[in-house]
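Data from work.cif: mmCIF, C-alpha atoms (C1' of nucleotides)
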data_coords
loop_
_atom_site.label_atom_id
_atom_site.label_comp_id
_atom_site.auth_asym_id
_atom_site.auth_seq_id
_atom_site.Cartn_x
_atom_site.Cartn_y
_atom_site.Cartn_z
CA MET A 330 -19.01 3.56 -14.27
CA LYS A 331 -17.32 3.88 -10.88
CA ILE A 332 -13.77 2.60 -10.50
CA ALA A 333 -11.64 2.72 -7.37
CA THR A 334 -8.37 1.74 -5.76
CA TRP A 335 -7.54 0.92 -2.14
CA ASN A 336 -4.42 -0.36 -0.42
CA VAL A 337 -6.08 -2.41 2.33
CA ASN A 338 -2.92 -3.49 4.24
CA SER A 339 -4.11 -7.11 4.65
CA LEU A 340 -7.42 -8.15 3.16
CA LYS A 341 -8.02 -10.66 5.96
CA VAL A 342 -8.00 -7.89 8.55
CA ARG A 343 -9.80 -5.36 6.37
CA LEU A 344 -12.52 -7.53 4.79
CA PRO A 345 -15.34 -6.04 6.91
CA HIS A 346 -14.31 -2.53 5.86
CA VAL A 347 -14.11 -3.56 2.21
CA LEU A 348 -17.56 -5.18 2.27
CA ASP A 349 -19.08 -2.13 3.97
CA TRP A 350 -17.43 0.19 1.46
CA LEU A 351 -18.58 -1.86 -1.53
CA ALA A 352 -22.13 -1.75 -0.21
CA ALA A 353 -21.97 2.00 0.39
CA GLN A 354 -20.26 3.06 -2.86
CA GLN A 355 -21.31 0.29 -5.26
CA PRO A 356 -18.26 0.65 -7.51
CA ASP A 357 -18.21 -1.30 -10.78
CA ALA A 358 -14.62 -2.25 -10.03
CA LEU A 359 -12.29 -1.95 -7.04
CA CYS A 360 -8.53 -2.51 -7.30
CA LEU A 361 -6.88 -3.74 -4.10
CA GLN A 362 -3.24 -3.71 -3.04
CA GLU A 363 -1.43 -5.46 -0.19
CA THR A 364 -3.87 -8.35 0.12
CA LYS A 365 -0.96 -10.14 1.85
CA THR A 366 -2.32 -13.60 1.15
CA GLU A 367 -2.25 -16.44 -1.32
CA ASP A 368 -5.41 -17.53 -3.12
CA THR A 369 -6.12 -20.09 -0.40
CA GLY A 370 -6.74 -17.28 2.09
CA PHE A 371 -8.57 -15.00 -0.32
CA PRO A 372 -12.25 -14.32 0.57
CA PHE A 373 -13.75 -15.24 -2.83
CA ASP A 374 -17.01 -16.47 -1.25
CA ALA A 375 -17.70 -13.42 0.92
CA LEU A 376 -17.08 -11.15 -2.07
CA ALA A 377 -19.29 -13.26 -4.33
CA ALA A 378 -22.08 -13.02 -1.75
CA ALA A 379 -21.66 -9.23 -1.96
CA GLY A 380 -22.04 -9.39 -5.75
CA TYR A 381 -18.38 -9.12 -6.76
CA ARG A 382 -16.19 -11.40 -8.81
CA ALA A 383 -12.53 -11.34 -7.91
CA ILE A 384 -9.24 -12.01 -9.64
CA HIS A 385 -6.12 -12.14 -7.53
CA ASN A 386 -2.36 -12.18 -7.89
CA GLY A 387 -1.34 -13.06 -4.37
CA GLN A 388 1.58 -14.13 -2.26
CA LYS A 389 2.20 -14.94 1.36
CA THR A 390 2.85 -12.10 3.86
CA TYR A 391 3.68 -9.32 1.40
CA ASN A 392 2.24 -7.56 -1.66
CA GLY A 393 -0.71 -9.16 -3.46
CA VAL A 394 -3.14 -7.34 -5.78
CA ALA A 395 -6.72 -8.01 -6.81
CA ILE A 396 -9.51 -6.62 -8.96
CA LEU A 397 -13.10 -6.91 -7.76
CA SER A 398 -15.82 -6.30 -10.30
CA ARG A 399 -19.55 -6.61 -10.66
CA SER A 400 -19.27 -7.95 -14.21
CA GLU A 401 -16.98 -10.63 -15.58
CA PRO A 402 -13.34 -9.52 -15.94
CA GLU A 403 -11.86 -10.37 -19.35
CA ASP A 404 -8.33 -10.81 -20.71
CA VAL A 405 -6.84 -11.24 -17.24
CA LEU A 406 -3.09 -10.66 -17.00
CA ARG A 407 -0.83 -11.16 -13.99
CA ASP A 408 2.59 -9.47 -13.64
CA ILE A 409 4.41 -7.23 -16.10
CA PRO A 410 5.27 -9.33 -19.17
CA ALA A 411 9.00 -9.67 -19.83
CA PHE A 412 9.92 -8.40 -16.36
CA ALA A 413 11.10 -11.12 -14.00
CA ASP A 414 9.69 -10.25 -10.55
CA ALA A 415 9.08 -12.57 -7.61
CA GLN A 416 6.81 -9.94 -6.02
CA LYS A 417 3.12 -9.94 -6.89
CA ARG A 418 2.38 -6.32 -7.72
CA VAL A 419 0.34 -6.25 -10.95
CA ILE A 420 -2.98 -7.57 -12.18
CA ALA A 421 -4.94 -6.32 -15.18
CA ALA A 422 -8.30 -7.07 -16.73
CA THR A 423 -10.92 -5.57 -19.00
CA VAL A 424 -14.18 -4.69 -17.27
CA LYS A 425 -17.10 -3.21 -19.23
CA GLY A 426 -14.74 -2.28 -22.05
CA VAL A 427 -12.24 -0.50 -19.81
CA ARG A 428 -8.73 -1.88 -19.37
CA LEU A 429 -7.99 -1.77 -15.63
CA VAL A 430 -4.35 -2.06 -14.58
CA CYS A 431 -3.95 -2.49 -10.82
CA VAL A 432 -0.46 -1.78 -9.48
CA TYR A 433 1.33 -1.86 -6.17
CA ILE A 434 4.46 0.08 -7.04
CA PRO A 435 7.45 -0.72 -4.77
CA ASN A 436 8.02 1.52 -1.77
CA GLY A 437 11.76 1.87 -2.30
CA GLN A 438 12.62 2.17 1.42
CA ALA A 439 15.18 5.00 1.06
CA VAL A 440 16.80 6.94 -1.77
CA GLY A 441 19.91 5.07 -2.84
CA ALA A 442 18.91 1.78 -1.21
CA GLU A 443 18.83 -1.47 -3.18
CA LYS A 444 15.03 -1.38 -2.95
CA TYR A 445 15.08 2.12 -4.44
CA GLU A 446 17.02 0.87 -7.47
CA TYR A 447 14.46 -1.94 -7.77
CA LYS A 448 11.65 0.64 -7.64
CA LEU A 449 13.18 2.65 -10.49
CA ARG A 450 13.79 -0.48 -12.58
CA TRP A 451 10.24 -1.56 -11.88
CA LEU A 452 8.87 1.82 -13.00
CA ASN A 453 10.86 1.60 -16.23
CA ALA A 454 9.45 -1.84 -16.95
CA LEU A 455 5.94 -0.58 -16.19
CA GLN A 456 6.30 2.31 -18.63
CA ASP A 457 7.65 0.09 -21.40
CA TRP A 458 4.80 -2.36 -20.97
CA LEU A 459 2.10 0.32 -20.67
CA ALA A 460 3.13 1.91 -23.96
CA ASP A 461 2.11 -1.36 -25.65
CA GLU A 462 -0.90 -1.90 -23.42
CA ILE A 463 -2.35 1.56 -24.17
CA ALA A 464 -1.84 0.99 -27.89
CA ARG A 465 -3.78 -2.25 -27.52
CA HIS A 466 -6.41 -0.79 -25.17
CA PRO A 467 -7.00 2.94 -25.78
CA ARG A 468 -9.50 3.05 -22.90
CA LEU A 469 -7.08 2.29 -20.06
CA ALA A 470 -7.00 3.19 -16.37
CA LEU A 471 -3.92 2.71 -14.17
CA LEU A 472 -5.01 2.44 -10.56
CA GLY A 473 -3.08 1.71 -7.43
CA ASP A 474 -0.63 2.56 -4.71
CA TYR A 475 2.12 4.35 -6.63
CA ASN A 476 4.27 5.12 -3.59
CA ILE A 477 4.96 8.48 -5.27
CA ALA A 478 3.72 11.90 -4.16
CA PRO A 479 3.76 13.64 -7.56
CA GLU A 480 4.05 17.26 -6.38
CA ASP A 481 4.77 19.26 -3.24
CA ARG A 482 1.05 19.97 -2.81
CA ASP A 483 0.61 16.21 -2.33
CA VAL A 484 2.82 16.29 0.79
CA HIS A 485 1.87 17.64 4.24
CA ASP A 486 5.40 18.95 4.87
CA PRO A 487 7.23 19.39 1.55
CA VAL A 488 10.35 20.78 3.22
CA ALA A 489 10.77 17.78 5.50
CA TRP A 490 10.08 15.38 2.62
CA GLN A 491 12.15 17.14 -0.04
CA GLY A 492 14.28 14.60 -1.89
CA GLN A 493 13.12 11.80 0.43
CA ILE A 494 11.66 8.46 -0.59
CA LEU A 495 8.24 8.86 -2.30
CA CYS A 496 9.19 12.45 -3.25
CA SER A 497 12.60 12.19 -4.93
CA ASP A 498 13.28 13.71 -8.34
CA ALA A 499 13.69 10.33 -10.04
CA GLU A 500 10.39 9.03 -8.65
CA ARG A 501 8.53 12.18 -9.67
CA ALA A 502 10.15 12.06 -13.11
CA ALA A 503 8.90 8.48 -13.51
CA PHE A 504 5.41 9.66 -12.59
CA ARG A 505 5.59 12.43 -15.19
CA LYS A 506 6.73 9.91 -17.80
CA LEU A 507 3.39 8.17 -17.34
CA ALA A 508 1.77 11.46 -18.38
CA CYS A 509 3.87 11.31 -21.55
CA LEU A 510 2.06 8.06 -22.36
CA GLY A 511 -1.15 10.08 -22.39
CA LEU A 512 -2.25 9.16 -18.84
CA ARG A 513 -3.84 11.92 -16.79
CA ASP A 514 -4.20 12.16 -13.01
CA ALA A 515 -7.97 11.92 -12.52
CA PHE A 516 -7.77 13.68 -9.16
CA ARG A 517 -6.22 16.78 -10.73
CA LEU A 518 -8.83 17.02 -13.48
CA PHE A 519 -10.96 18.80 -10.85
CA ASP A 520 -10.66 21.45 -8.17
CA GLN A 521 -9.77 19.71 -4.92
CA PRO A 522 -9.45 20.72 -1.29
CA GLU A 523 -5.96 21.73 -0.19
CA LYS A 524 -4.06 19.13 1.81
CA SER A 525 -5.83 16.18 0.18
CA PHE A 526 -3.97 12.97 0.98
CA SER A 527 -4.54 9.22 0.61
CA TRP A 528 -2.12 7.83 3.21
CA TRP A 529 -1.40 8.79 6.83
CA ASP A 530 1.17 7.19 9.13
CA TYR A 531 -0.30 5.03 11.88
CA ARG A 532 2.19 6.60 14.25
CA ALA A 533 2.01 9.99 15.91
CA ALA A 534 -1.73 10.39 15.20
CA GLY A 535 -0.95 11.11 11.55
CA PHE A 536 -4.55 10.98 10.38
CA ARG A 537 -6.01 13.11 13.16
CA ARG A 538 -3.42 15.79 12.39
CA ASN A 539 -3.77 15.25 8.61
CA LEU A 540 -0.04 14.55 8.26
CA GLY A 541 -0.39 12.63 5.03
CA LEU A 542 0.76 12.06 1.48
CA ARG A 543 -1.21 11.58 -1.75
CA ILE A 544 0.38 8.43 -3.14
CA ASP A 545 -2.65 6.45 -4.38
CA HIS A 546 -3.75 7.47 -7.84
CA ILE A 547 -6.08 6.82 -10.76
CA LEU A 548 -4.51 7.72 -14.11
CA LEU A 549 -6.73 7.75 -17.17
CA SER A 550 -5.97 7.55 -20.88
CA GLY A 551 -7.34 10.41 -23.01
CA PRO A 552 -10.69 8.84 -23.96
CA LEU A 553 -11.39 7.97 -20.30
CA ALA A 554 -10.23 11.35 -18.96
CA GLU A 555 -12.79 12.96 -21.23
CA ARG A 556 -15.46 10.80 -19.63
CA CYS A 557 -14.34 11.41 -16.03
CA ARG A 558 -16.92 13.32 -13.99
CA THR A 559 -15.56 13.12 -10.42
CA CYS A 560 -12.52 11.89 -8.53
CA LEU A 561 -12.17 11.92 -4.75
CA VAL A 562 -10.40 10.38 -1.80
CA ASP A 563 -12.93 8.83 0.59
CA THR A 564 -11.49 9.37 4.06
CA ALA A 565 -14.45 7.74 5.82
CA PRO A 566 -12.85 4.25 6.11
CA ARG A 567 -9.71 5.82 7.61
CA ARG A 568 -11.81 6.91 10.61
CA LEU A 569 -12.98 3.37 11.46
CA GLU A 570 -11.57 1.07 14.12
CA ARG A 571 -8.47 -0.78 12.88
CA PRO A 572 -8.28 1.10 9.57
CA SER A 573 -5.91 0.61 6.68
CA ASP A 574 -3.35 3.40 6.64
CA HIS A 575 -4.58 4.20 3.09
CA ALA A 576 -7.96 5.58 2.04
CA PRO A 577 -9.76 4.53 -1.16
CA VAL A 578 -9.67 6.76 -4.25
CA LEU A 579 -12.76 6.73 -6.44
CA ALA A 580 -13.43 8.03 -9.96
CA GLU A 581 -16.71 8.21 -11.85
CA LEU A 582 -16.81 7.87 -15.64
CA ALA A 583 -19.76 8.87 -17.78
CA ASP A 584 -21.26 6.04 -19.85
"C1'" DA B 458 14.65 11.53 19.64
"C1'" DT B 459 15.24 8.21 12.57
"C1'" DG B 460 10.96 6.79 16.90
"C1'" DG B 461 6.02 6.80 17.02
"C1'" DC B 462 1.92 2.01 14.81
"C1'" DT B 463 0.25 -2.17 12.22
"C1'" DT B 464 0.70 -6.58 9.93
"C1'" DG B 465 2.34 -11.42 9.27
"C1'" DA B 466 5.21 -14.94 10.79
"C1'" DG B 467 4.86 -17.61 14.81
"C1'" DT B 468 5.88 -17.84 20.40
"C1'" DG B 469 11.14 -14.45 20.00
"C1'" DT B 470 10.89 -10.46 18.15
"C1'" DC B 471 11.79 -9.11 13.63
"C1'" DA B 472 11.01 -7.30 8.64
"C1'" DA B 473 8.47 -4.16 6.15
"C1'" DG B 474 5.68 -0.48 5.29
"C1'" DA B 475 5.93 4.97 3.68
#
Please lay out the structure from this file as structure tokens.
Amino acid sequence: MKIATWNVNSLKVRLPHVLDWLAAQQPDALCLQETKTEDTGFPFDALAAAGYRAIHNGQKTYNGVAILSRSEPEDVLRDIPAFADAQKRVIAATVKGVRLVCVYIPNGQAVGAEKYEYKLRWLNALQDWLADEIARHPRLALLGDYNIAPEDRDVHDPVAWQGQILCSDAERAAFRKLACLGLRDAFRLFDQPEKSFSWWDYRAAGFRRNLGLRIDHILLSGPLAERCRTCLVDTAPRRLERPSDHAPVLAELAD
DNA sequence: ATGGCTTGAGTGTCAAGA
């Protein structure tokens, strides 16, 4: 089973890239972030023609998350229960017996900003909910744009980024708390090339110079981590014309 | 040099991203 996550930075703009990537990689499920549309603008038909069902938790202009899958998604859930949030950042479903939780974790803007406090509150609510969700679904994968670079090796210039947004102690501590729930970073289950990133700034030729951060992740509960055979960042779509600033992350699980 | 680009909204130019 192949599962993946990709922040597409507008699904309307990126649909051709998504369709090409689905055809090339044939994932069983793909989690999307930043669809930036309501259901009325969501390309259900084009995805169905490509063989994918879609569930969406969308909003106008900002945020928006979706799960595409080749088989029927079950037990669909939108938003974190018991956490009042106007922003559409979570959708979950069970696909082929695996609980997929797709998240677009808040950016936070800057350490100390109001949006940063929201990010930390949001992460707390996520952890509280996931503790229950993992108990209910032992085979769980948490996929998405975390907006957290977990370690210095996930940052192109750790000195420049030290203590900054995406790298602050509180954000990294929140990431490590997810590990305490039994979730493991699929990417780090394997040897990986140095300077592996999943996001590069559009400005200053960030991708060409590989000035990036690894902020998109697939975390797996114990039973799924045992089944994980590969995990990689596919940088190919980042090279295309009009790319998303994020690249997809893909994990393969043994049956 | 706190910018650089890209998107959505909407027709001016800004907010937001990370």
Explicit residues for the PyMOL selection byres ((chain A) within 10 of (chain B)) (as a count of residues only): 30
Straight-line distance linking atom CA of A:Leu340 with atom CA of A:Val394, stated in Å to one decimal: 9.9 Å
Residues selected by the PyMOL selection byres ((chain A and resi 410) around 12), written as a PyMOL selection string: chain A and resi 406-409+411-414+419-421+451+454-459+461-462
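One finds atom CA of A:Asn336 at 8.3 Å from atom CA of A:Tyr433.
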Atom-to-atom span, atom CA of A:Glu581 and atom CA of A:Ala333, Å: 8.7 Å
Close residues, A:Leu472 itself excluded, 12 Å, all atoms listed in the file, min 3 positions apart in chain, as number ranges by chain: A: 332-336, 358-362, 394-396, 418-422, 428-434, 469, 475-476, 512-516, 544-550, 577-580
Take the residues from that selection and write them out as a PDB file, in the coordinates of the input, keeping C-alpha atoms.
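What follows is the written file result.pdb:
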ATOM      1  CA  ILE A 332     -13.770   2.600 -10.500  1.00  0.00           C
ATOM      2  CA  ALA A 333     -11.640   2.720  -7.370  1.00  0.00           C
ATOM      3  CA  THR A 334      -8.370   1.740  -5.760  1.00  0.00           C
ATOM      4  CA  TRP A 335      -7.540   0.920  -2.140  1.00  0.00           C
ATOM      5  CA  ASN A 336      -4.420  -0.360  -0.420  1.00  0.00           C
ATOM      6  CA  ALA A 358     -14.620  -2.250 -10.030  1.00  0.00           C
ATOM      7  CA  LEU A 359     -12.290  -1.950  -7.040  1.00  0.00           C
ATOM      8  CA  CYS A 360      -8.530  -2.510  -7.300  1.00  0.00           C
ATOM      9  CA  LEU A 361      -6.880  -3.740  -4.100  1.00  0.00           C
ATOM     10  CA  GLN A 362      -3.240  -3.710  -3.040  1.00  0.00           C
ATOM     11  CA  VAL A 394      -3.140  -7.340  -5.780  1.00  0.00           C
ATOM     12  CA  ALA A 395      -6.720  -8.010  -6.810  1.00  0.00           C
ATOM     13  CA  ILE A 396      -9.510  -6.620  -8.960  1.00  0.00           C
ATOM     14  CA  ARG A 418       2.380  -6.320  -7.720  1.00  0.00           C
ATOM     15  CA  VAL A 419       0.340  -6.250 -10.950  1.00  0.00           C
ATOM     16  CA  ILE A 420      -2.980  -7.570 -12.180  1.00  0.00           C
ATOM     17  CA  ALA A 421      -4.940  -6.320 -15.180  1.00  0.00           C
ATOM     18  CA  ALA A 422      -8.300  -7.070 -16.730  1.00  0.00           C
ATOM     19  CA  ARG A 428      -8.730  -1.880 -19.370  1.00  0.00           C
ATOM     20  CA  LEU A 429      -7.990  -1.770 -15.630  1.00  0.00           C
ATOM     21  CA  VAL A 430      -4.350  -2.060 -14.580  1.00  0.00           C
ATOM     22  CA  CYS A 431      -3.950  -2.490 -10.820  1.00  0.00           C
ATOM     23  CA  VAL A 432      -0.460  -1.780  -9.480  1.00  0.00           C
ATOM     24  CA  TYR A 433       1.330  -1.860  -6.170  1.00  0.00           C
ATOM     25  CA  ILE A 434       4.460   0.080  -7.040  1.00  0.00           C
ATOM     26  CA  LEU A 469      -7.080   2.290 -20.060  1.00  0.00           C
ATOM     27  CA  TYR A 475       2.120   4.350  -6.630  1.00  0.00           C
ATOM     28  CA  ASN A 476       4.270   5.120  -3.590  1.00  0.00           C
ATOM     29  CA  LEU A 512      -2.250   9.160 -18.840  1.00  0.00           C
ATOM     30  CA  ARG A 513      -3.840  11.920 -16.790  1.00  0.00           C
ATOM     31  CA  ASP A 514      -4.200  12.160 -13.010  1.00  0.00           C
ATOM     32  CA  ALA A 515      -7.970  11.920 -12.520  1.00  0.00           C
ATOM     33  CA  PHE A 516      -7.770  13.680  -9.160  1.00  0.00           C
ATOM     34  CA  ILE A 544       0.380   8.430  -3.140  1.00  0.00           C
ATOM     35  CA  ASP A 545      -2.650   6.450  -4.380  1.00  0.00           C
ATOM     36  CA  HIS A 546      -3.750   7.470  -7.840  1.00  0.00           C
ATOM     37  CA  ILE A 547      -6.080   6.820 -10.760  1.00  0.00           C
ATOM     38  CA  LEU A 548      -4.510   7.720 -14.110  1.00  0.00           C
ATOM     39  CA  LEU A 549      -6.730   7.750 -17.170  1.00  0.00           C
ATOM     40  CA  SER A 550      -5.970   7.550 -20.880  1.00  0.00           C
ATOM     41  CA  PRO A 577      -9.760   4.530  -1.160  1.00  0.00           C
ATOM     42  CA  VAL A 578      -9.670   6.760  -4.250  1.00  0.00           C
ATOM     43  CA  LEU A 579     -12.760   6.730  -6.440  1.00  0.00           C
ATOM     44  CA  ALA A 580     -13.430   8.030  -9.960  1.00  0.00           C
TER      45      ALA A 580
END
Go through the shown structure with the PyMOL selection byres ((chain A and resi 449) around 10) and write out the matching residues as a tab-separated table (two decimals) with C-alpha atoms, in the frame of the given file.
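Generated output (expr-v4.tsv):
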chain	number	residue	atom	x	y	z
A	434	ILE	CA	4.46	0.08	-7.04
A	435	PRO	CA	7.45	-0.72	-4.77
A	437	GLY	CA	11.76	1.87	-2.30
A	444	LYS	CA	15.03	-1.38	-2.95
A	445	TYR	CA	15.08	2.12	-4.44
A	446	GLU	CA	17.02	0.87	-7.47
A	447	TYR	CA	14.46	-1.94	-7.77
A	448	LYS	CA	11.65	0.64	-7.64
A	450	ARG	CA	13.79	-0.48	-12.58
A	451	TRP	CA	10.24	-1.56	-11.88
A	452	LEU	CA	8.87	1.82	-13.00
A	453	ASN	CA	10.86	1.60	-16.23
A	454	ALA	CA	9.45	-1.84	-16.95
A	455	LEU	CA	5.94	-0.58	-16.19
A	499	ALA	CA	13.69	10.33	-10.04
A	500	GLU	CA	10.39	9.03	-8.65
A	503	ALA	CA	8.90	8.48	-13.51
Emit a file covering stretch 425-462 of chain A of the preceding structure with C-alpha atoms, as a PDB file, in the first residue's frame.
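And here is the file that came out, part16.pdb:
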ATOM      1  CA  LYS A 425      -7.964  -0.398   3.251  1.00  0.00           C
ATOM      2  CA  GLY A 426      -7.938  -0.810   7.022  1.00  0.00           C
ATOM      3  CA  VAL A 427      -5.514   2.053   7.641  1.00  0.00           C
ATOM      4  CA  ARG A 428      -6.643   5.155   9.520  1.00  0.00           C
ATOM      5  CA  LEU A 429      -5.366   8.148   7.535  1.00  0.00           C
ATOM      6  CA  VAL A 430      -5.262  11.497   9.320  1.00  0.00           C
ATOM      7  CA  CYS A 431      -4.496  14.378   6.957  1.00  0.00           C
ATOM      8  CA  VAL A 432      -3.360  17.590   8.653  1.00  0.00           C
ATOM      9  CA  TYR A 433      -2.370  21.091   7.658  1.00  0.00           C
ATOM     10  CA  ILE A 434      -0.770  22.289  10.866  1.00  0.00           C
ATOM     11  CA  PRO A 435      -0.784  26.107  11.255  1.00  0.00           C
ATOM     12  CA  ASN A 436       2.295  27.998  10.107  1.00  0.00           C
ATOM     13  CA  GLY A 437       2.502  30.221  13.171  1.00  0.00           C
ATOM     14  CA  GLN A 438       3.964  33.238  11.328  1.00  0.00           C
ATOM     15  CA  ALA A 439       6.564  34.173  13.983  1.00  0.00           C
ATOM     16  CA  VAL A 440       7.546  32.996  17.447  1.00  0.00           C
ATOM     17  CA  GLY A 441       5.464  34.922  19.964  1.00  0.00           C
ATOM     18  CA  ALA A 442       2.838  36.049  17.450  1.00  0.00           C
ATOM     19  CA  GLU A 443      -0.858  35.420  18.028  1.00  0.00           C
ATOM     20  CA  LYS A 444      -0.746  32.854  15.219  1.00  0.00           C
ATOM     21  CA  TYR A 445       2.109  31.101  17.013  1.00  0.00           C
ATOM     22  CA  GLU A 446      -0.009  30.742  20.160  1.00  0.00           C
ATOM     23  CA  TYR A 447      -2.800  29.366  17.958  1.00  0.00           C
ATOM     24  CA  LYS A 448      -0.340  26.866  16.453  1.00  0.00           C
ATOM     25  CA  LEU A 449       0.696  25.601  19.887  1.00  0.00           C
ATOM     26  CA  ARG A 450      -2.931  25.359  21.065  1.00  0.00           C
ATOM     27  CA  TRP A 451      -3.769  23.550  17.857  1.00  0.00           C
ATOM     28  CA  LEU A 452      -0.931  21.057  18.375  1.00  0.00           C
ATOM     29  CA  ASN A 453      -2.134  20.377  21.923  1.00  0.00           C
ATOM     30  CA  ALA A 454      -5.637  19.677  20.675  1.00  0.00           C
ATOM     31  CA  LEU A 455      -4.248  17.401  17.958  1.00  0.00           C
ATOM     32  CA  GLN A 456      -2.266  15.375  20.495  1.00  0.00           C
ATOM     33  CA  ASP A 457      -5.226  14.994  22.837  1.00  0.00           C
ATOM     34  CA  TRP A 458      -7.450  13.817  20.023  1.00  0.00           C
ATOM     35  CA  LEU A 459      -4.838  11.480  18.491  1.00  0.00           C
ATOM     36  CA  ALA A 460      -4.353   9.666  21.791  1.00  0.00           C
ATOM     37  CA  ASP A 461      -7.994   8.560  21.510  1.00  0.00           C
ATOM     38  CA  GLU A 462      -7.842   8.035  17.769  1.00  0.00           C
TER      39      GLU A 462
END
